[in-house]
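**Q** Got a file for you: my_file01.tsv, TSV, C-alpha atoms.
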chain	number	residue	atom	x	y	z
A	1	MET	CA	-7.63	-0.38	-19.11
A	2	GLN	CA	-6.91	3.04	-17.76
A	3	PRO	CA	-4.51	5.14	-19.84
A	4	HIS	CA	-0.95	5.05	-18.65
A	5	GLN	CA	0.07	8.08	-16.60
A	6	PRO	CA	3.77	8.59	-15.82
A	7	ILE	CA	4.82	9.21	-12.24
A	8	ARG	CA	4.74	12.85	-11.24
A	9	THR	CA	7.35	14.38	-8.97
A	10	GLY	CA	5.83	15.59	-5.71
A	11	TRP	CA	2.81	13.24	-5.81
A	12	THR	CA	0.19	15.85	-6.72
A	13	ALA	CA	-3.30	14.35	-6.48
A	14	THR	CA	-5.07	13.75	-9.81
A	15	SER	CA	-8.69	13.43	-10.87
A	16	GLU	CA	-8.50	9.64	-11.22
A	17	THR	CA	-11.66	8.03	-9.83
A	18	ARG	CA	-13.08	4.95	-8.09
A	19	TYR	CA	-11.21	5.47	-4.85
A	20	SER	CA	-12.71	4.19	-1.67
A	21	ALA	CA	-12.99	7.23	0.61
A	22	LEU	CA	-11.41	7.07	4.03
A	23	PRO	CA	-13.79	5.97	6.83
A	24	ARG	CA	-15.47	8.70	8.87
A	25	TRP	CA	-13.83	7.59	12.11
A	26	SER	CA	-10.36	7.83	10.72
A	27	ARG	CA	-7.94	10.70	11.27
A	28	ILE	CA	-4.48	10.73	9.74
A	29	ARG	CA	-2.01	12.07	12.27
A	30	ARG	CA	0.22	14.32	10.25
A	31	SER	CA	2.88	16.87	10.95
A	32	ALA	CA	1.92	20.51	10.37
A	33	ALA	CA	3.64	20.49	6.99
A	34	ALA	CA	1.84	17.34	5.84
A	35	VAL	CA	-1.51	18.80	6.86
A	36	LEU	CA	-1.01	21.78	4.56
A	37	VAL	CA	-0.36	19.45	1.62
A	38	ALA	CA	-3.09	16.91	2.31
A	39	ALA	CA	-5.85	19.28	3.35
A	40	THR	CA	-6.60	20.10	-0.28
A	41	VAL	CA	-7.12	16.47	-1.30
A	42	SER	CA	-8.91	14.77	1.60
A	43	SER	CA	-10.91	15.45	4.74
A	44	CYS	CA	-10.57	13.70	8.08
A	45	GLY	CA	-13.33	12.54	10.37
A	46	THR	CA	-13.19	11.69	14.04
A	47	ASP	CA	-10.62	9.40	15.60
A	48	LYS	CA	-11.23	5.66	15.45
A	49	PRO	CA	-13.03	4.78	18.70
A	50	THR	CA	-11.28	2.50	21.12
A	51	SER	CA	-13.04	-0.52	22.55
A	52	ALA	CA	-12.60	-3.23	25.12
A	53	GLY	CA	-11.73	-5.60	22.29
A	54	ASP	CA	-8.66	-3.65	21.17
A	55	ALA	CA	-6.38	-5.71	23.40
A	56	ASP	CA	-7.57	-8.88	21.68
A	57	GLU	CA	-6.65	-7.46	18.26
A	58	ALA	CA	-2.95	-8.15	18.84
A	59	ARG	CA	-3.71	-11.83	19.43
A	60	VAL	CA	-5.46	-12.42	16.11
A	61	ALA	CA	-3.30	-14.93	14.24
A	62	VAL	CA	-2.13	-14.32	10.68
A	63	PRO	CA	-2.56	-17.37	8.39
A	64	ALA	CA	0.64	-19.42	8.28
A	65	ASP	CA	1.03	-19.05	4.51
A	66	VAL	CA	1.19	-15.23	4.58
A	67	ALA	CA	4.82	-14.20	3.95
A	68	GLY	CA	6.92	-12.22	6.38
A	69	CYS	CA	9.08	-9.23	5.48
A	70	GLU	CA	12.49	-10.90	5.50
A	71	SER	CA	12.91	-10.61	1.73
A	72	PHE	CA	12.73	-6.79	1.99
A	73	ALA	CA	15.89	-6.45	4.06
A	74	ALA	CA	17.45	-3.02	3.55
A	75	ASP	CA	20.63	-2.86	1.47
A	76	GLY	CA	21.59	0.72	2.42
A	77	ALA	CA	20.72	2.26	-0.96
A	78	THR	CA	18.12	5.06	-0.91
A	79	VAL	CA	16.86	7.62	-3.42
A	80	GLU	CA	17.21	11.33	-2.72
A	81	GLY	CA	14.28	13.73	-2.95
A	82	THR	CA	10.78	12.82	-4.12
A	83	ALA	CA	11.75	10.06	-6.56
A	84	GLY	CA	11.50	7.31	-3.94
A	85	LEU	CA	9.18	6.28	-1.14
A	86	PRO	CA	9.09	8.48	1.97
A	87	ALA	CA	11.27	7.67	4.97
A	88	LEU	CA	8.74	5.78	7.08
A	89	ARG	CA	9.17	2.74	9.29
A	90	LEU	CA	6.16	0.42	9.50
A	91	PRO	CA	5.69	-2.87	11.38
A	92	CYS	CA	5.30	-6.08	9.42
A	93	LEU	CA	1.97	-7.87	9.80
A	94	VAL	CA	3.90	-11.09	10.46
A	95	GLY	CA	6.34	-11.10	13.38
A	96	ASN	CA	7.94	-8.13	15.12
A	97	GLN	CA	10.05	-6.76	12.28
A	98	GLU	CA	9.87	-3.11	11.16
A	99	MET	CA	10.52	-2.07	7.58
A	100	ALA	CA	12.04	1.12	6.21
A	101	LEU	CA	9.96	2.00	3.16
A	102	GLU	CA	12.71	4.12	1.62
A	103	ASP	CA	14.95	1.02	1.39
A	104	LEU	CA	13.17	-2.19	0.39
A	105	GLY	CA	16.32	-3.93	-0.79
A	106	GLY	CA	17.89	-4.28	-4.19
A	107	ARG	CA	14.99	-5.67	-6.25
A	108	PRO	CA	11.84	-4.19	-7.82
A	109	VAL	CA	8.75	-4.07	-5.60
A	110	LEU	CA	5.05	-3.61	-6.26
A	111	VAL	CA	3.51	-1.74	-3.29
A	112	ASN	CA	-0.27	-1.80	-2.78
A	113	LEU	CA	-2.09	0.36	-0.19
A	114	TRP	CA	-5.36	-1.25	0.92
A	115	ALA	CA	-7.87	-1.71	3.74
A	116	SER	CA	-10.61	-4.22	4.54
A	117	TRP	CA	-13.25	-1.43	4.52
A	118	CYS	CA	-12.29	-0.47	0.95
A	119	GLY	CA	-14.56	-2.15	-1.60
A	120	PRO	CA	-12.26	-1.63	-4.63
A	121	CYS	CA	-9.36	-3.06	-2.59
A	122	ARG	CA	-11.33	-6.26	-2.08
A	123	GLU	CA	-12.10	-6.43	-5.80
A	124	GLU	CA	-8.48	-6.15	-6.90
A	125	MET	CA	-6.89	-8.45	-4.32
A	126	PRO	CA	-7.40	-11.68	-6.31
A	127	VAL	CA	-5.73	-9.98	-9.29
A	128	LEU	CA	-2.75	-9.01	-7.14
A	129	GLN	CA	-2.48	-12.49	-5.65
A	130	ALA	CA	-2.51	-14.09	-9.12
A	131	ALA	CA	0.23	-11.71	-10.23
A	132	TYR	CA	2.26	-12.54	-7.13
A	133	GLU	CA	2.06	-16.23	-7.96
A	134	SER	CA	3.36	-15.49	-11.47
A	135	TYR	CA	5.94	-12.77	-10.74
A	136	GLY	CA	6.89	-13.32	-7.11
A	137	ASP	CA	10.28	-14.78	-8.00
A	138	ARG	CA	11.22	-11.59	-9.89
A	139	VAL	CA	9.28	-8.81	-8.15
A	140	GLY	CA	8.59	-8.25	-4.47
A	141	PHE	CA	4.93	-7.74	-3.53
A	142	LEU	CA	4.19	-5.63	-0.45
A	143	GLY	CA	0.75	-4.73	0.87
A	144	VAL	CA	0.32	-1.70	3.13
A	145	ASN	CA	-2.74	-2.22	5.32
A	146	THR	CA	-3.99	1.31	5.95
A	147	GLN	CA	-6.12	2.64	8.84
A	148	ASP	CA	-7.61	-0.75	9.54
A	149	SER	CA	-8.19	-3.17	12.40
A	150	ARG	CA	-5.92	-6.19	12.58
A	151	SER	CA	-8.79	-8.67	12.81
A	152	ALA	CA	-10.62	-7.24	9.78
A	153	ALA	CA	-7.42	-7.13	7.72
A	154	ILE	CA	-6.51	-10.72	8.54
A	155	SER	CA	-10.07	-11.87	7.83
A	156	LEU	CA	-9.88	-10.40	4.32
A	157	LEU	CA	-6.48	-11.95	3.62
A	158	THR	CA	-7.84	-15.30	4.75
A	159	ASP	CA	-11.01	-15.04	2.66
A	160	VAL	CA	-9.14	-14.10	-0.53
A	161	GLY	CA	-6.16	-16.40	0.06
A	162	VAL	CA	-3.56	-13.63	-0.13
A	163	THR	CA	-0.04	-14.82	0.75
A	164	TYR	CA	2.35	-11.95	-0.07
A	165	ALA	CA	3.85	-9.80	2.70
A	166	HIS	CA	2.17	-6.82	4.38
A	167	VAL	CA	3.07	-3.95	6.68
A	168	VAL	CA	0.64	-2.06	8.91
A	169	ASP	CA	0.10	1.70	8.55
A	170	GLU	CA	-2.40	2.33	11.33
A	171	ASP	CA	-2.35	6.13	11.01
A	172	GLY	CA	-2.29	6.31	7.20
A	173	ALA	CA	1.09	8.05	7.16
A	174	LEU	CA	2.09	6.76	3.72
A	175	LEU	CA	-1.26	7.70	2.20
A	176	ALA	CA	-0.81	11.23	3.56
A	177	GLU	CA	2.75	11.48	2.24
A	178	LEU	CA	1.52	10.47	-1.21
A	179	ALA	CA	-1.26	13.10	-1.05
A	180	ALA	CA	-3.68	10.49	-2.39
A	181	ARG	CA	-7.42	10.94	-1.96
A	182	GLY	CA	-8.15	7.38	-0.93
A	183	LEU	CA	-7.57	3.69	-1.53
A	184	PRO	CA	-6.42	1.62	-3.27
A	185	VAL	CA	-3.08	2.92	-4.51
A	186	THR	CA	-0.49	0.77	-6.30
A	187	LEU	CA	3.13	1.85	-6.76
A	188	ALA	CA	5.80	0.36	-9.01
A	189	VAL	CA	9.16	0.75	-7.25
A	190	ALA	CA	12.30	-0.05	-9.25
A	191	ALA	CA	15.22	-1.98	-7.80
A	192	ASP	CA	17.09	1.27	-7.14
A	193	GLY	CA	14.18	2.62	-5.06
A	194	ARG	CA	12.66	4.99	-7.63
A	195	VAL	CA	8.86	5.05	-7.92
A	196	VAL	CA	8.50	4.68	-11.68
A	197	ASP	CA	4.72	4.49	-11.99
A	198	ARG	CA	1.54	4.48	-9.92
A	199	GLN	CA	-2.09	3.45	-10.20
A	200	LEU	CA	-4.75	5.40	-8.30
A	201	GLY	CA	-7.88	3.34	-7.79
A	202	PRO	CA	-8.32	-0.39	-8.49
A	203	VAL	CA	-5.84	-1.98	-10.85
A	204	SER	CA	-7.05	-4.15	-13.72
A	205	SER	CA	-5.20	-7.26	-14.87
A	206	ALA	CA	-3.97	-5.42	-17.97
A	207	ARG	CA	-2.79	-2.37	-16.03
A	208	LEU	CA	-1.06	-4.57	-13.47
A	209	GLU	CA	0.71	-6.40	-16.27
A	210	GLU	CA	1.91	-3.02	-17.56
A	211	LEU	CA	3.30	-2.06	-14.14
A	212	LEU	CA	5.05	-5.40	-13.71
A	213	SER	CA	6.48	-5.27	-17.22
A	214	GLN	CA	8.11	-1.97	-16.36
A	215	LEU	CA	9.64	-3.48	-13.24
A	216	THR	CA	10.92	-6.65	-14.85
A	217	ALA	CA	12.28	-4.81	-17.91
A	218	ALA	CA	14.33	-2.36	-15.83
A	219	PRO	CA	18.06	-3.19	-15.60
Please lay out the structure from this file as structure tokens.
**A**
Amino acid sequence: MQPHQPIRTGWTATSETRYSALPRWSRIRRSAAAVLVAATVSSCGTDKPTSAGDADEARVAVPADVAGCESFAADGATVEGTAGLPALRLPCLVGNQEMALEDLGGRPVLVNLWASWCGPCREEMPVLQAAYESYGDRVGFLGVNTQDSRSAAISLLTDVGVTYAHVVDEDGALLAELAARGLPVTLAVAADGRVVDRQLGPVSSARLEELLSQLTAAP
């Protein structure tokens, strides 16, 4: 189990290891201000190439048992400053709904950034799914599929049997805002929207239990 590290205001990158580096073809489209912050912690390759099959990506069906985003309906309460998630709107993998990350509703949420090309993400997904089956009635589970193709993402969810909800971050905007070096990243978000802890790199069963205990113990 990795030693517990409290959340740090401003999301300064740390030396934690076992990230999966971003793919060479990926470029995070950032604003000029975000580039200045992220340039010190990651490098970008070329843009993801387009192909004749891109149009078919939108028609790849998500397994029927994967949850939608209805349970994350905004309640109007947000956190000021750097204590909460950034103000980003991302589409849900299921249906046509968009979600505002800064307002995930009035319950605690475990947020996991992942991609199909990320080996450590694949390793930890069964652990996250097992936790969802145990804690899903008390804690929301939200995956953020990052800089990925729809077909590859859905294939992984199908193979592992993941059923919690996901949003799609095609450009890696959340990863850039967090100034994280790579994937996976797991965030513990309290019911009031504060990010109370984070895990950089794959999460073990014991570490995940620690994050969830913090969320379920909070008033």
**Q** Between A:Ser155, A:Glu102, A:Trp117, A:Leu208, which residue has the minimum interatomic distance to Gln129 (chain A), considering all atoms listed in the file?
**A**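 Of all the options, A:Leu208 lies closest to Gln129 (chain A).
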**Q** Kindly give the distance, in Å, that separates CA of Asp197 (chain A) and CA of Gln97 (chain A), rounded to a single decimal.
**A**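 Computing it gives 27.3 Å between the two atoms.
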**Q** Calculated over all atoms listed in the file, which of the candidates A:Ser151, A:Val189, A:Ala115, A:Gly106 has the smallest distance to Ser71 (chain A)?
**A**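 The answer is A:Gly106, which sits nearest to Ser71 (chain A).
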**Q** Hey, which of A:Ala131, A:Leu187, A:Leu212, A:Val167 ends up closest to Arg89 (chain A)? Count all atoms listed in the file.
**A**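 Of all the options, A:Val167 lies closest to Arg89 (chain A).
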**Q** Give me, please, the distance in Å between CA of Leu200 (chain A) and CA of Pro91 (chain A), quoted to one decimal.
**A**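 It comes out at 23.8 Å.
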**Q** When you look at Gly140 (chain A) with a cut-off of 8 Å (counting only C-alpha atoms), what residues show up, excluding the ones that are within fewer than 5 positions of it in the same chain? I need them as a list in words.
**A**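 So the residues in contact are Ser71, Phe72, Arg107, Pro108, Val109 and Leu110 of chain A.
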**Q** Pick the closest to Asp137 (chain A) from A:Met99, A:Tyr164, A:Pro86, A:Arg122: which is it, counting all atoms listed in the file?
**A** A:Tyr164
**Q** Just the number, please: distance in Å from CA of Thr216 (chain A) to CA of Asp169 (chain A), one decimal.
**A**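 Between CA of Thr216 (chain A) and CA of Asp169 (chain A) the gap is 27.1 Å.
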**Q** Taking all atoms listed in the file into account, which of A:Leu101, A:Leu90, A:Leu156, A:Ala173 comes nearest Gly76 (chain A)?
**A**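 Result for the nearest residue to Gly76 (chain A): A:Leu101.
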**Q** Go through A:Leu104, A:Val196, A:Ala73, A:Cys118 and flag the residue nearest Ala152 (chain A), using all atoms listed in the file for the distances.
**A**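 So, comparing all the options, the nearest one is A:Cys118.
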